[in-house]
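Student: Have a look at this one.
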Amino acid sequence: MRSITGSADGDGLLYKDFAGVLSAAVSNPGRVVVPCANNLEALEAVSQAIAAGILIGGILVGQVKEIKEVANEAGLKLEQFELIEAEDVSTAAAKAVDLISEGKGDFLLKGQLMTSDYLKAVLKHPGMVPEGNLLSHASVMQIPSYHKFLTITDVGVNIAPTVEEKKKIVMNTVRVCQKLGIRKPKVAMQAAVEKVNPKMQSTVEAVQVRDELRAEHPDELIIEGPYDVFISISKHAAAEKGVTGEVCGDADILVFHDINAGNAVYKVFAAFVPDYLNAALVIGAKIPLILPSRADSVSTNLLSIALAALLMMKSEGER
């Protein structure tokens, strides 16, 4: 994909909202590979991305007859796509990853298959996940009542991450925010309370992750906690509780103790916040993995494709 540069504004942000992400993605269109592509929501999002100029085509893998039927329902014209027959889920997933490895696509979009089958194909492919990396899920949210993007992690992949895994999850998510132009993302380690309680493992591990990442990556992030969600996103709430810090009321990233906490917050935002927008990716592999939930909207799938395109861009320093 082509390299582009962006111009930061006064507070150092390149992209403050999804309008900016979509604009950048249009200037850097990519190719998508979809395993088990007979999924209506996925192909509707692909159709919209083609219409918007975010995609220039790609490859649809799976049972071709069903893919054509779903594409017709989704309004997706297939002239810009190659269709490859695969008789079962594991074959389709493995073939899709092979195509990415061969340079025939820029990122993967999950179709009609289980997350475990999708990620298993990525993990089994040599070199797709660099040694020492961890796959993790990040959801970038645009919330009308919040003053900037808010990214939450991990809400879809790691069930009960260890301290070392949490550190990798944080740094994966920091890289996403840096691509959005946030030089030193503000990270809030989440727990139900802000005081360390030996009986609450979330508070104990929050402090350990915080202290170790401060020592290891002092120039890449500002990390505080344990904080609850209110302290993380509301200066007023922090002041009411007598908590002070650079992250209070200004968090870029919320890191949850386990998948239960993070996934619940993710779905509450989606269900109850009017005009909420979201893009969700799995990161840590060589390419972005688009992993929509079956409950996600076409809008979320479309914005996830746009965010994946943005992450594939090379900045001036990476050329």
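Labels used: A, B, ... for chains in the order of the structure tokens, numbers from 1 for residues in each chain, and numbers from 1 for ligands as shown.
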Quick one: everything within 6 Å of Gly62 of chain A, counting only C-alpha atoms, minus sequence neighbours fewer than 3 positions away in the same chain. Send it as JSON, numbers by chain.
Tutor: {"A": [36, 85, 86, 92]}
Student: Can you write out as CSV which residues of segment 130-241 of chain A fall within 12 Å of segment 19-35 of chain A, alongside each residue's closest atom pair and its distance in Å to one decimal, counting only C-alpha atoms and ordering rows by chain and ascending residue number?
Tutor:
residue,atom,partner,partner_atom,distance
A:Val140,CA,A:Val21,CA,11.3
A:Gln142,CA,A:Ala19,CA,10.4
A:Phe149,CA,A:Val21,CA,11.3
A:Lys179,CA,A:Val21,CA,10.4
A:Leu180,CA,A:Val21,CA,8.2
A:Gly181,CA,A:Val21,CA,10.9
Student: Keeping only N, CA and C atoms, write the selected residues as a PDB file, in the first residue's frame.
Tutor:
ATOM      1  N   VAL A 140     -11.703   0.823  18.745  1.00  0.00           N
ATOM      2  CA  VAL A 140     -11.569   2.289  18.721  1.00  0.00           C
ATOM      3  C   VAL A 140     -12.972   2.876  18.604  1.00  0.00           C
ATOM      4  N   GLN A 142     -15.758   6.161  18.801  1.00  0.00           N
ATOM      5  CA  GLN A 142     -16.074   7.591  18.753  1.00  0.00           C
ATOM      6  C   GLN A 142     -17.407   7.777  19.469  1.00  0.00           C
ATOM      7  N   PHE A 149     -11.170  10.040  20.466  1.00  0.00           N
ATOM      8  CA  PHE A 149     -11.305   8.586  20.401  1.00  0.00           C
ATOM      9  C   PHE A 149     -11.042   7.957  21.771  1.00  0.00           C
ATOM     10  N   LYS A 179      -0.713   5.329  15.463  1.00  0.00           N
ATOM     11  CA  LYS A 179      -1.097   5.468  14.062  1.00  0.00           C
ATOM     12  C   LYS A 179      -2.199   6.503  13.887  1.00  0.00           C
ATOM     13  N   LEU A 180      -2.996   6.702  14.939  1.00  0.00           N
ATOM     14  CA  LEU A 180      -4.016   7.741  14.911  1.00  0.00           C
ATOM     15  C   LEU A 180      -3.425   9.114  15.215  1.00  0.00           C
ATOM     16  N   GLY A 181      -2.126   9.153  15.497  1.00  0.00           N
ATOM     17  CA  GLY A 181      -1.442  10.417  15.711  1.00  0.00           C
ATOM     18  C   GLY A 181      -1.223  10.797  17.152  1.00  0.00           C
TER      19      GLY A 181
END
Student: As a list in words, please: the residues near Thr244 of chain A (cut-off 12 Å, only C-alpha atoms, same-chain neighbours under 2 positions excluded).
Tutor: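 Surrounding residues, per the criterion: Glu194, Glu224, Gly225, Tyr227, Ile231, Ser232, Ser234, Lys235, His236, Ala237, Ala238, Ala239, Glu240, Lys241, Gly242, Glu246, Val247, Cys248, Gly249 and Asp250 of chain A.
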Student: Would you save the residues of that selection, restricted to N, CA and C atoms, as a PDB file, in the first residue's frame?
Tutor:
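Heads up, here's the output in again_29.pdb:
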ATOM      1  N   GLU A 194      -9.988   2.264  42.861  1.00  0.00           N
ATOM      2  CA  GLU A 194      -8.691   2.868  42.548  1.00  0.00           C
ATOM      3  C   GLU A 194      -7.615   2.550  43.585  1.00  0.00           C
ATOM      4  N   GLU A 224      -1.494   4.946  34.007  1.00  0.00           N
ATOM      5  CA  GLU A 224      -1.889   5.117  35.396  1.00  0.00           C
ATOM      6  C   GLU A 224      -2.954   4.089  35.765  1.00  0.00           C
ATOM      7  N   GLY A 225      -3.237   4.002  37.045  1.00  0.00           N
ATOM      8  CA  GLY A 225      -4.246   3.076  37.538  1.00  0.00           C
ATOM      9  C   GLY A 225      -3.727   2.316  38.748  1.00  0.00           C
ATOM     10  N   TYR A 227      -7.738   2.494  37.946  1.00  0.00           N
ATOM     11  CA  TYR A 227      -8.822   3.473  37.917  1.00  0.00           C
ATOM     12  C   TYR A 227     -10.106   2.751  37.526  1.00  0.00           C
ATOM     13  N   ILE A 231     -13.296   7.531  36.692  1.00  0.00           N
ATOM     14  CA  ILE A 231     -12.059   8.302  36.876  1.00  0.00           C
ATOM     15  C   ILE A 231     -11.328   8.437  35.553  1.00  0.00           C
ATOM     16  N   SER A 232     -11.336   7.407  34.754  1.00  0.00           N
ATOM     17  CA  SER A 232     -10.589   7.403  33.494  1.00  0.00           C
ATOM     18  C   SER A 232     -11.111   8.415  32.491  1.00  0.00           C
ATOM     19  N   SER A 234     -13.629  10.976  33.231  1.00  0.00           N
ATOM     20  CA  SER A 234     -14.267  12.176  33.775  1.00  0.00           C
ATOM     21  C   SER A 234     -13.360  12.858  34.803  1.00  0.00           C
ATOM     22  N   LYS A 235     -12.913  14.066  34.471  1.00  0.00           N
ATOM     23  CA  LYS A 235     -12.106  14.829  35.431  1.00  0.00           C
ATOM     24  C   LYS A 235     -12.926  15.158  36.676  1.00  0.00           C
ATOM     25  N   HIS A 236     -14.220  15.383  36.481  1.00  0.00           N
ATOM     26  CA  HIS A 236     -15.083  15.690  37.620  1.00  0.00           C
ATOM     27  C   HIS A 236     -15.148  14.494  38.577  1.00  0.00           C
ATOM     28  N   ALA A 237     -15.329  13.304  38.025  1.00  0.00           N
ATOM     29  CA  ALA A 237     -15.390  12.110  38.871  1.00  0.00           C
ATOM     30  C   ALA A 237     -14.074  11.889  39.602  1.00  0.00           C
ATOM     31  N   ALA A 238     -12.966  12.128  38.911  1.00  0.00           N
ATOM     32  CA  ALA A 238     -11.657  11.971  39.550  1.00  0.00           C
ATOM     33  C   ALA A 238     -11.495  12.957  40.695  1.00  0.00           C
ATOM     34  N   ALA A 239     -11.916  14.206  40.458  1.00  0.00           N
ATOM     35  CA  ALA A 239     -11.808  15.222  41.507  1.00  0.00           C
ATOM     36  C   ALA A 239     -12.691  14.876  42.703  1.00  0.00           C
ATOM     37  N   GLU A 240     -13.901  14.367  42.432  1.00  0.00           N
ATOM     38  CA  GLU A 240     -14.800  13.975  43.512  1.00  0.00           C
ATOM     39  C   GLU A 240     -14.186  12.884  44.386  1.00  0.00           C
ATOM     40  N   LYS A 241     -13.395  12.012  43.779  1.00  0.00           N
ATOM     41  CA  LYS A 241     -12.759  10.919  44.521  1.00  0.00           C
ATOM     42  C   LYS A 241     -11.372  11.297  45.036  1.00  0.00           C
ATOM     43  N   GLY A 242     -10.943  12.514  44.737  1.00  0.00           N
ATOM     44  CA  GLY A 242      -9.634  12.956  45.198  1.00  0.00           C
ATOM     45  C   GLY A 242      -8.468  12.300  44.475  1.00  0.00           C
ATOM     46  N   GLU A 246      -2.348  12.530  35.114  1.00  0.00           N
ATOM     47  CA  GLU A 246      -2.448  13.004  33.732  1.00  0.00           C
ATOM     48  C   GLU A 246      -3.538  12.274  32.957  1.00  0.00           C
ATOM     49  N   VAL A 247      -3.832  11.040  33.332  1.00  0.00           N
ATOM     50  CA  VAL A 247      -4.793  10.232  32.582  1.00  0.00           C
ATOM     51  C   VAL A 247      -6.228  10.515  33.019  1.00  0.00           C
ATOM     52  N   CYS A 248      -6.427  10.986  34.242  1.00  0.00           N
ATOM     53  CA  CYS A 248      -7.771  11.201  34.780  1.00  0.00           C
ATOM     54  C   CYS A 248      -8.618  12.069  33.846  1.00  0.00           C
ATOM     55  N   GLY A 249      -9.734  11.540  33.402  1.00  0.00           N
ATOM     56  CA  GLY A 249     -10.635  12.289  32.541  1.00  0.00           C
ATOM     57  C   GLY A 249     -10.139  12.487  31.135  1.00  0.00           C
ATOM     58  N   ASP A 250      -9.015  11.890  30.782  1.00  0.00           N
ATOM     59  CA  ASP A 250      -8.427  12.131  29.471  1.00  0.00           C
ATOM     60  C   ASP A 250      -7.808  10.867  28.882  1.00  0.00           C
TER      61      ASP A 250
END
Student: Each residue of segment 108-162 of chain A lying at most 12 Å from segment 201-214 of chain A should get a row with its shortest atom-to-atom pair and the distance in Å to one decimal, counting only C-alpha atoms; could you produce that, ordered by chain and increasing number, as JSON lines?
Tutor:
{"residue": "A:Ala160", "atom": "CA", "partner": "A:Ser202", "partner_atom": "CA", "distance": 10.6}
{"residue": "A:Pro161", "atom": "CA", "partner": "A:Glu205", "partner_atom": "CA", "distance": 10.3}
{"residue": "A:Thr162", "atom": "CA", "partner": "A:Glu205", "partner_atom": "CA", "distance": 8.4}
Student: Write a file of the selected residues as a PDB file, in the first residue's frame, keeping N, CA and C atoms.
Tutor:
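To be explicit, this is the file written out as out_15.pdb:
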ATOM      1  N   ALA A 160      -8.223 -14.362  29.939  1.00  0.00           N
ATOM      2  CA  ALA A 160      -7.734 -13.954  31.263  1.00  0.00           C
ATOM      3  C   ALA A 160      -6.228 -13.735  31.151  1.00  0.00           C
ATOM      4  N   PRO A 161      -5.817 -12.631  30.557  1.00  0.00           N
ATOM      5  CA  PRO A 161      -4.396 -12.424  30.282  1.00  0.00           C
ATOM      6  C   PRO A 161      -3.551 -12.306  31.550  1.00  0.00           C
ATOM      7  N   THR A 162      -2.331 -12.835  31.476  1.00  0.00           N
ATOM      8  CA  THR A 162      -1.362 -12.688  32.554  1.00  0.00           C
ATOM      9  C   THR A 162      -0.798 -11.267  32.537  1.00  0.00           C
TER      10      THR A 162
END
Student: From the options A:Glu165, A:Asp275, A:Asp154, A:Asp219, which residue's atoms come nearest to Asn263 of chain A, counting only C-alpha atoms?
Tutor: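 Distance minimum relative to Asn263 of chain A lands on A:Asp154.
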Student: Find the spatial neighbours of Gln190 of chain A, counting only C-alpha atoms, within a cut-off of 6 Å - ignore same-chain residues fewer than 4 positions away - and output them as number ranges by chain.
Tutor: A: 226-228, 255-256
Student: Please give the complete set of residues from segment 20-233 of chain A that DSSP, run on the backbone, assigns to strand (DSSP E or B), formatted as a PyMOL selection string.
Tutor: chain A and resi 30-35+55-62+81-85+107-109+136-142+150-153+186-190+222-227
